[in-house]
>>> print(open('final.csv').read())   # CSV, C-alpha atoms
chain,number,residue,atom,x,y,z
X,1003,MET,CA,0.0,0.0,0.0
X,1004,PHE,CA,2.8,2.4,0.9
X,1005,THR,CA,4.6,1.8,-2.4
X,1006,THR,CA,1.4,2.3,-4.4
X,1007,LEU,CA,0.7,5.6,-2.6
X,1008,ALA,CA,4.3,6.7,-3.2
X,1009,VAL,CA,4.1,6.0,-6.9
X,1010,ILE,CA,0.8,7.9,-7.1
X,1011,TYR,CA,2.4,10.7,-5.1
X,1012,VAL,CA,5.2,11.1,-7.6
X,1013,PHE,CA,2.8,11.2,-10.6
X,1014,ILE,CA,0.7,13.9,-8.8
X,1015,CYS,CA,3.9,15.9,-8.1
X,1016,LEU,CA,4.9,15.8,-11.8
X,1017,PHE,CA,1.3,16.5,-13.0
X,1018,LEU,CA,1.0,19.5,-10.5
X,1019,ILE,CA,4.3,20.9,-11.8
X,1020,LEU,CA,3.0,20.6,-15.4
X,1021,VAL,CA,-0.3,22.2,-14.6
X,1022,VAL,CA,1.3,25.1,-12.8
X,1023,LEU,CA,3.7,25.7,-15.7
X,1024,LEU,CA,0.9,25.6,-18.2
X,1025,GLN,CA,-0.9,28.5,-16.5
X,1026,ALA,CA,-0.1,31.9,-18.0
X,1027,GLY,CA,1.5,34.2,-15.5
X,1028,ARG,CA,3.0,37.6,-16.2
X,1029,GLY,CA,5.4,36.2,-18.8
X,1030,GLY,CA,2.9,33.9,-20.4
X,1031,GLY,CA,4.3,30.7,-18.9
X,1032,MET,CA,4.4,27.4,-21.0
X,1033,GLY,CA,1.1,28.3,-22.5
X,1034,ALA,CA,2.8,30.9,-24.7
X,1035,ALA,CA,4.9,28.1,-26.3
X,1036,PHE,CA,1.8,26.3,-27.7
X,1037,GLY,CA,0.0,29.2,-29.3
X,1038,GLY,CA,1.9,32.5,-29.0
X,1039,SER,CA,1.3,34.9,-26.2
X,1040,THR,CA,-2.5,34.5,-26.2
X,1041,GLN,CA,-4.2,32.4,-23.6
X,1042,THR,CA,-5.9,30.0,-26.0
X,1043,VAL,CA,-4.2,26.7,-25.1
X,1044,PHE,CA,-7.4,25.1,-23.8
X,1045,GLY,CA,-9.9,27.4,-25.6
X,1046,GLY,CA,-10.7,31.0,-25.4
X,1047,ALA,CA,-12.6,31.7,-22.1
X,1048,GLY,CA,-12.3,28.3,-20.3
X,1049,ALA,CA,-8.5,28.1,-20.0
X,1050,GLY,CA,-8.0,30.0,-16.8
X,1051,ASN,CA,-11.0,28.4,-15.0
X,1052,PHE,CA,-10.2,24.9,-16.1
X,1053,LEU,CA,-6.5,25.1,-15.2
X,1054,THR,CA,-7.4,26.8,-11.8
X,1055,LYS,CA,-9.7,23.9,-10.9
X,1056,LEU,CA,-7.2,21.3,-12.0
X,1057,THR,CA,-4.4,23.0,-10.0
X,1058,VAL,CA,-6.6,23.1,-6.9
X,1059,ALA,CA,-7.6,19.5,-7.2
X,1060,CYS,CA,-4.0,18.4,-7.7
X,1061,ALA,CA,-2.8,20.5,-4.8
X,1062,ALA,CA,-5.5,19.1,-2.5
X,1063,LEU,CA,-4.6,15.5,-3.5
X,1064,PHE,CA,-0.9,16.3,-3.1
X,1065,MET,CA,-1.5,17.5,0.5
X,1066,VAL,CA,-3.7,14.5,1.4
X,1067,LEU,CA,-1.1,12.1,0.0
X,1068,SER,CA,1.7,13.9,1.8
X,1069,ALA,CA,0.0,13.6,5.2
X,1070,THR,CA,-0.9,9.9,4.5
X,1071,LEU,CA,2.6,9.0,3.5
X,1072,SER,CA,4.1,10.8,6.5
X,1073,TYR,CA,1.7,9.0,8.9
X,1074,LEU,CA,2.5,5.6,7.4
X,1075,SER,CA,6.2,6.1,7.3
X,1076,SER,CA,6.4,7.3,10.9
X,1077,GLY,CA,5.4,3.9,12.2
X,1078,HIS,CA,1.9,4.8,13.4
X,1079,GLY,CA,0.3,2.2,11.2
X,1080,LYS,CA,-1.7,-0.8,12.4
X,1081,ASN,CA,1.3,-2.9,13.2
X,1082,ALA,CA,2.8,-0.3,15.4
X,1083,LEU,CA,-0.4,0.0,17.4
X,1084,GLU,CA,-0.6,-3.7,17.8
X,1085,GLU,CA,3.0,-3.9,19.0
X,1086,ALA,CA,2.3,-1.1,21.5
X,1087,ALA,CA,-0.8,-2.8,22.8
X,1088,GLN,CA,1.2,-6.1,23.2
X,1089,LYS,CA,4.0,-4.3,25.1
X,1090,THR,CA,1.5,-2.6,27.4
X,1091,GLN,CA,-0.3,-5.9,28.1
X,1092,ALA,CA,3.0,-7.6,28.8
X,1093,THR,CA,3.9,-4.8,31.3
X,1094,ILE,CA,0.5,-5.1,33.0
X,1095,ASP,CA,0.9,-8.9,33.2
X,1096,ALA,CA,4.4,-8.6,34.7
X,1097,LYS,CA,3.1,-6.1,37.3
X,1098,LYS,CA,0.2,-8.4,38.2
X,1099,LYS,CA,2.6,-11.4,38.7
X,1100,ALA,CA,4.9,-9.3,40.8
X,1101,GLU,CA,2.0,-8.2,43.0
X,1102,GLU,CA,0.8,-11.8,43.3
X,1103,LYS,CA,4.3,-12.9,44.4
X,1104,LYS,CA,4.4,-10.1,46.9
X,1105,LYS,CA,1.0,-11.0,48.3
X,1106,ALA,CA,1.9,-14.7,48.6
X,1107,ALA,CA,5.1,-13.8,50.4
X,1108,ALA,CA,3.2,-11.5,52.8
X,1109,VAL,CA,0.6,-14.3,53.5
X,1110,LYS,CA,3.4,-16.8,54.1
X,1111,GLN,CA,5.2,-14.5,56.5
X,1112,ALA,CA,2.0,-13.7,58.3
X,1113,ALA,CA,1.2,-17.4,58.7
X,1114,GLU,CA,4.7,-18.0,60.1
X,1115,GLU,CA,4.4,-15.2,62.5
X,1116,ALA,CA,0.9,-16.4,63.7
X,1117,ALA,CA,2.2,-19.9,64.3
X,1118,GLY,CA,4.9,-18.5,66.6
X,1119,PRO,CA,8.1,-20.3,67.6
X,1120,MET,CA,7.2,-24.0,67.4
X,1121,SER,CA,10.3,-25.2,69.2
X,1122,SER,CA,12.5,-23.9,71.9
X,1123,PRO,CA,16.3,-24.0,71.7
X,1124,GLU,CA,16.4,-27.0,74.0
X,1125,THR,CA,14.1,-29.1,71.9
X,1126,ALA,CA,16.0,-28.0,68.8
X,1127,ALA,CA,19.2,-29.5,70.3
X,1128,ASP,CA,17.3,-32.7,71.2
X,1129,GLU,CA,16.0,-33.0,67.7
X,1130,ALA,CA,19.4,-32.5,66.3
X,1131,ALA,CA,21.1,-35.3,68.4
X,1132,PRO,CA,20.8,-38.8,67.0
X,1133,LEU,CA,18.5,-41.1,69.0
X,1134,ASP,CA,21.0,-44.1,69.1
X,1135,GLU,CA,23.8,-42.3,70.7
X,1136,PRO,CA,23.8,-40.6,74.1
X,1137,ALA,CA,24.0,-36.9,74.3
X,1138,PRO,CA,27.5,-35.7,75.0
X,1139,GLU,CA,28.2,-34.6,78.5
X,1140,ALA,CA,29.2,-31.1,79.4
X,1141,PRO,CA,32.8,-30.7,80.6
X,1142,LYS,CA,33.2,-30.6,84.3
X,1143,THR,CA,34.9,-27.7,85.8
X,1144,GLU,CA,36.4,-27.8,89.3
>>> encode(input="final.csv", output="structure tokens")
Amino acid sequence: MFTTLAVIYVFICLFLILVVLLQAGRGGGMGAAFGGSTQTVFGGAGAGNFLTKLTVACAALFMVLSATLSYLSSGHGKNALEEAAQKTQATIDAKKKAEEKKKAAAVKQAAEEAAGPMSSPETAADEAAPLDEPAPEAPKTE
């Protein structure tokens, strides 16, 4: 689509240049080359009006195509919008996952705090000692 519009744009540019040069200005323009210095290239009375309308139409089409091509070439087309939407959705999903992990960690920490210390240091030492062997005796001091 971009290539097609660019080709049409080039033809409109060339046609607009031709139409402007055909109009008779102070020096007669290109119109003087086809029939002397009189303004009878496209007929007697209709030359100015027809060329003026043709110039206006070409200029309007030129401006519309210029705006369209600049919009498409700047990356604001459909694909760019879809990519931006996907990036935004990925960011939202990442934030949601981070919040869920944070909430799960907070719930786990709250559960651990609510349970309180389940064993005292003495029972922890008993649990660590093997059951088959007797506990080592403390050194005697005299």
>>> closest_residue(input="final.csv", among="X:Met1003, X:Ala1116, X:Lys1055, X:Ala1008", to="Val1021 in chain X", atoms="all atoms listed in the file")
X:Lys1055
>>> atom_distance(input="final.csv", atom1="CA of Val1022 in chain X", atom2="CA of Leu1067 in chain X")
18.4 Å
>>> closest_residue(input="final.csv", among="X:Leu1007, X:Ile1019, X:Ala1112, X:Ala1087", to="Val1066 in chain X", atoms="only C-alpha atoms")
X:Leu1007
>>> closest_residue(input="final.csv", among="X:Leu1023, X:Leu1063, X:Ala1117, X:Ala1100", to="Ile1010 in chain X", atoms="all atoms listed in the file")
X:Leu1063
>>> atom_distance(input="final.csv", atom1="CA of Cys1060 in chain X", atom2="CA of Leu1024 in chain X")
13.6 Å
>>> atom_distance(input="final.csv", atom1="CA of Thr1006 in chain X", atom2="CA of Leu1020 in chain X")
21.4 Å
>>> axis_aligned_box(input="final.csv", around="range 1099-1115 of chain X", padding_each_side="5 Å", output="lines of an AutoDock Vina configuration file")
center_x = 2.9
center_y = -13.1
center_z = 50.6
size_x = 14.6
size_y = 19.8
size_z = 33.8
>>> decode(input="final.csv", residues="range 1009-1026 of chain X", atoms="N, CA, C and O atoms", output="PDB file, in the first residue's frame")
ATOM      1  N   VAL X1009       4.040   5.896  -5.476  1.00  0.00           N
ATOM      2  CA  VAL X1009       4.053   6.038  -6.940  1.00  0.00           C
ATOM      3  C   VAL X1009       3.001   7.060  -7.382  1.00  0.00           C
ATOM      4  O   VAL X1009       3.275   7.940  -8.211  1.00  0.00           O
ATOM      5  N   ILE X1010       1.812   6.971  -6.818  1.00  0.00           N
ATOM      6  CA  ILE X1010       0.759   7.947  -7.138  1.00  0.00           C
ATOM      7  C   ILE X1010       1.215   9.347  -6.748  1.00  0.00           C
ATOM      8  O   ILE X1010       0.979  10.324  -7.470  1.00  0.00           O
ATOM      9  N   TYR X1011       1.883   9.458  -5.618  1.00  0.00           N
ATOM     10  CA  TYR X1011       2.380  10.741  -5.124  1.00  0.00           C
ATOM     11  C   TYR X1011       3.362  11.366  -6.110  1.00  0.00           C
ATOM     12  O   TYR X1011       3.296  12.561  -6.395  1.00  0.00           O
ATOM     13  N   VAL X1012       4.260  10.559  -6.648  1.00  0.00           N
ATOM     14  CA  VAL X1012       5.234  11.075  -7.618  1.00  0.00           C
ATOM     15  C   VAL X1012       4.522  11.555  -8.883  1.00  0.00           C
ATOM     16  O   VAL X1012       4.838  12.630  -9.412  1.00  0.00           O
ATOM     17  N   PHE X1013       3.548  10.795  -9.367  1.00  0.00           N
ATOM     18  CA  PHE X1013       2.803  11.224 -10.557  1.00  0.00           C
ATOM     19  C   PHE X1013       2.025  12.506 -10.295  1.00  0.00           C
ATOM     20  O   PHE X1013       1.965  13.394 -11.156  1.00  0.00           O
ATOM     21  N   ILE X1014       1.442  12.632  -9.128  1.00  0.00           N
ATOM     22  CA  ILE X1014       0.708  13.855  -8.787  1.00  0.00           C
ATOM     23  C   ILE X1014       1.667  15.039  -8.724  1.00  0.00           C
ATOM     24  O   ILE X1014       1.341  16.138  -9.185  1.00  0.00           O
ATOM     25  N   CYS X1015       2.851  14.828  -8.176  1.00  0.00           N
ATOM     26  CA  CYS X1015       3.856  15.901  -8.119  1.00  0.00           C
ATOM     27  C   CYS X1015       4.217  16.380  -9.515  1.00  0.00           C
ATOM     28  O   CYS X1015       4.238  17.592  -9.791  1.00  0.00           O
ATOM     29  N   LEU X1016       4.503  15.449 -10.399  1.00  0.00           N
ATOM     30  CA  LEU X1016       4.869  15.809 -11.768  1.00  0.00           C
ATOM     31  C   LEU X1016       3.721  16.493 -12.498  1.00  0.00           C
ATOM     32  O   LEU X1016       3.917  17.483 -13.218  1.00  0.00           O
ATOM     33  N   PHE X1017       2.516  15.961 -12.312  1.00  0.00           N
ATOM     34  CA  PHE X1017       1.342  16.547 -12.962  1.00  0.00           C
ATOM     35  C   PHE X1017       1.071  17.953 -12.422  1.00  0.00           C
ATOM     36  O   PHE X1017       0.716  18.859 -13.184  1.00  0.00           O
ATOM     37  N   LEU X1018       1.255  18.146 -11.124  1.00  0.00           N
ATOM     38  CA  LEU X1018       1.047  19.461 -10.519  1.00  0.00           C
ATOM     39  C   LEU X1018       2.059  20.465 -11.062  1.00  0.00           C
ATOM     40  O   LEU X1018       1.712  21.617 -11.369  1.00  0.00           O
ATOM     41  N   ILE X1019       3.298  20.031 -11.227  1.00  0.00           N
ATOM     42  CA  ILE X1019       4.314  20.915 -11.815  1.00  0.00           C
ATOM     43  C   ILE X1019       3.919  21.306 -13.228  1.00  0.00           C
ATOM     44  O   ILE X1019       3.999  22.478 -13.624  1.00  0.00           O
ATOM     45  N   LEU X1020       3.462  20.337 -14.017  1.00  0.00           N
ATOM     46  CA  LEU X1020       3.045  20.597 -15.387  1.00  0.00           C
ATOM     47  C   LEU X1020       1.872  21.562 -15.444  1.00  0.00           C
ATOM     48  O   LEU X1020       1.862  22.512 -16.232  1.00  0.00           O
ATOM     49  N   VAL X1021       0.875  21.348 -14.603  1.00  0.00           N
ATOM     50  CA  VAL X1021      -0.309  22.206 -14.611  1.00  0.00           C
ATOM     51  C   VAL X1021       0.047  23.633 -14.200  1.00  0.00           C
ATOM     52  O   VAL X1021      -0.436  24.600 -14.787  1.00  0.00           O
ATOM     53  N   VAL X1022       0.917  23.784 -13.223  1.00  0.00           N
ATOM     54  CA  VAL X1022       1.317  25.129 -12.799  1.00  0.00           C
ATOM     55  C   VAL X1022       2.102  25.824 -13.911  1.00  0.00           C
ATOM     56  O   VAL X1022       1.917  27.017 -14.166  1.00  0.00           O
ATOM     57  N   LEU X1023       2.961  25.072 -14.592  1.00  0.00           N
ATOM     58  CA  LEU X1023       3.730  25.685 -15.676  1.00  0.00           C
ATOM     59  C   LEU X1023       2.873  26.030 -16.887  1.00  0.00           C
ATOM     60  O   LEU X1023       3.201  26.944 -17.635  1.00  0.00           O
ATOM     61  N   LEU X1024       1.774  25.316 -17.080  1.00  0.00           N
ATOM     62  CA  LEU X1024       0.895  25.623 -18.212  1.00  0.00           C
ATOM     63  C   LEU X1024       0.091  26.896 -18.003  1.00  0.00           C
ATOM     64  O   LEU X1024      -0.370  27.505 -18.962  1.00  0.00           O
ATOM     65  N   GLN X1025      -0.104  27.285 -16.787  1.00  0.00           N
ATOM     66  CA  GLN X1025      -0.881  28.489 -16.529  1.00  0.00           C
ATOM     67  C   GLN X1025      -0.083  29.715 -16.942  1.00  0.00           C
ATOM     68  O   GLN X1025       1.116  29.807 -16.719  1.00  0.00           O
ATOM     69  N   ALA X1026      -0.781  30.637 -17.509  1.00  0.00           N
ATOM     70  CA  ALA X1026      -0.118  31.852 -17.967  1.00  0.00           C
ATOM     71  C   ALA X1026       0.034  32.806 -16.794  1.00  0.00           C
ATOM     72  O   ALA X1026      -0.920  33.157 -16.126  1.00  0.00           O
TER      73      ALA X1026
END
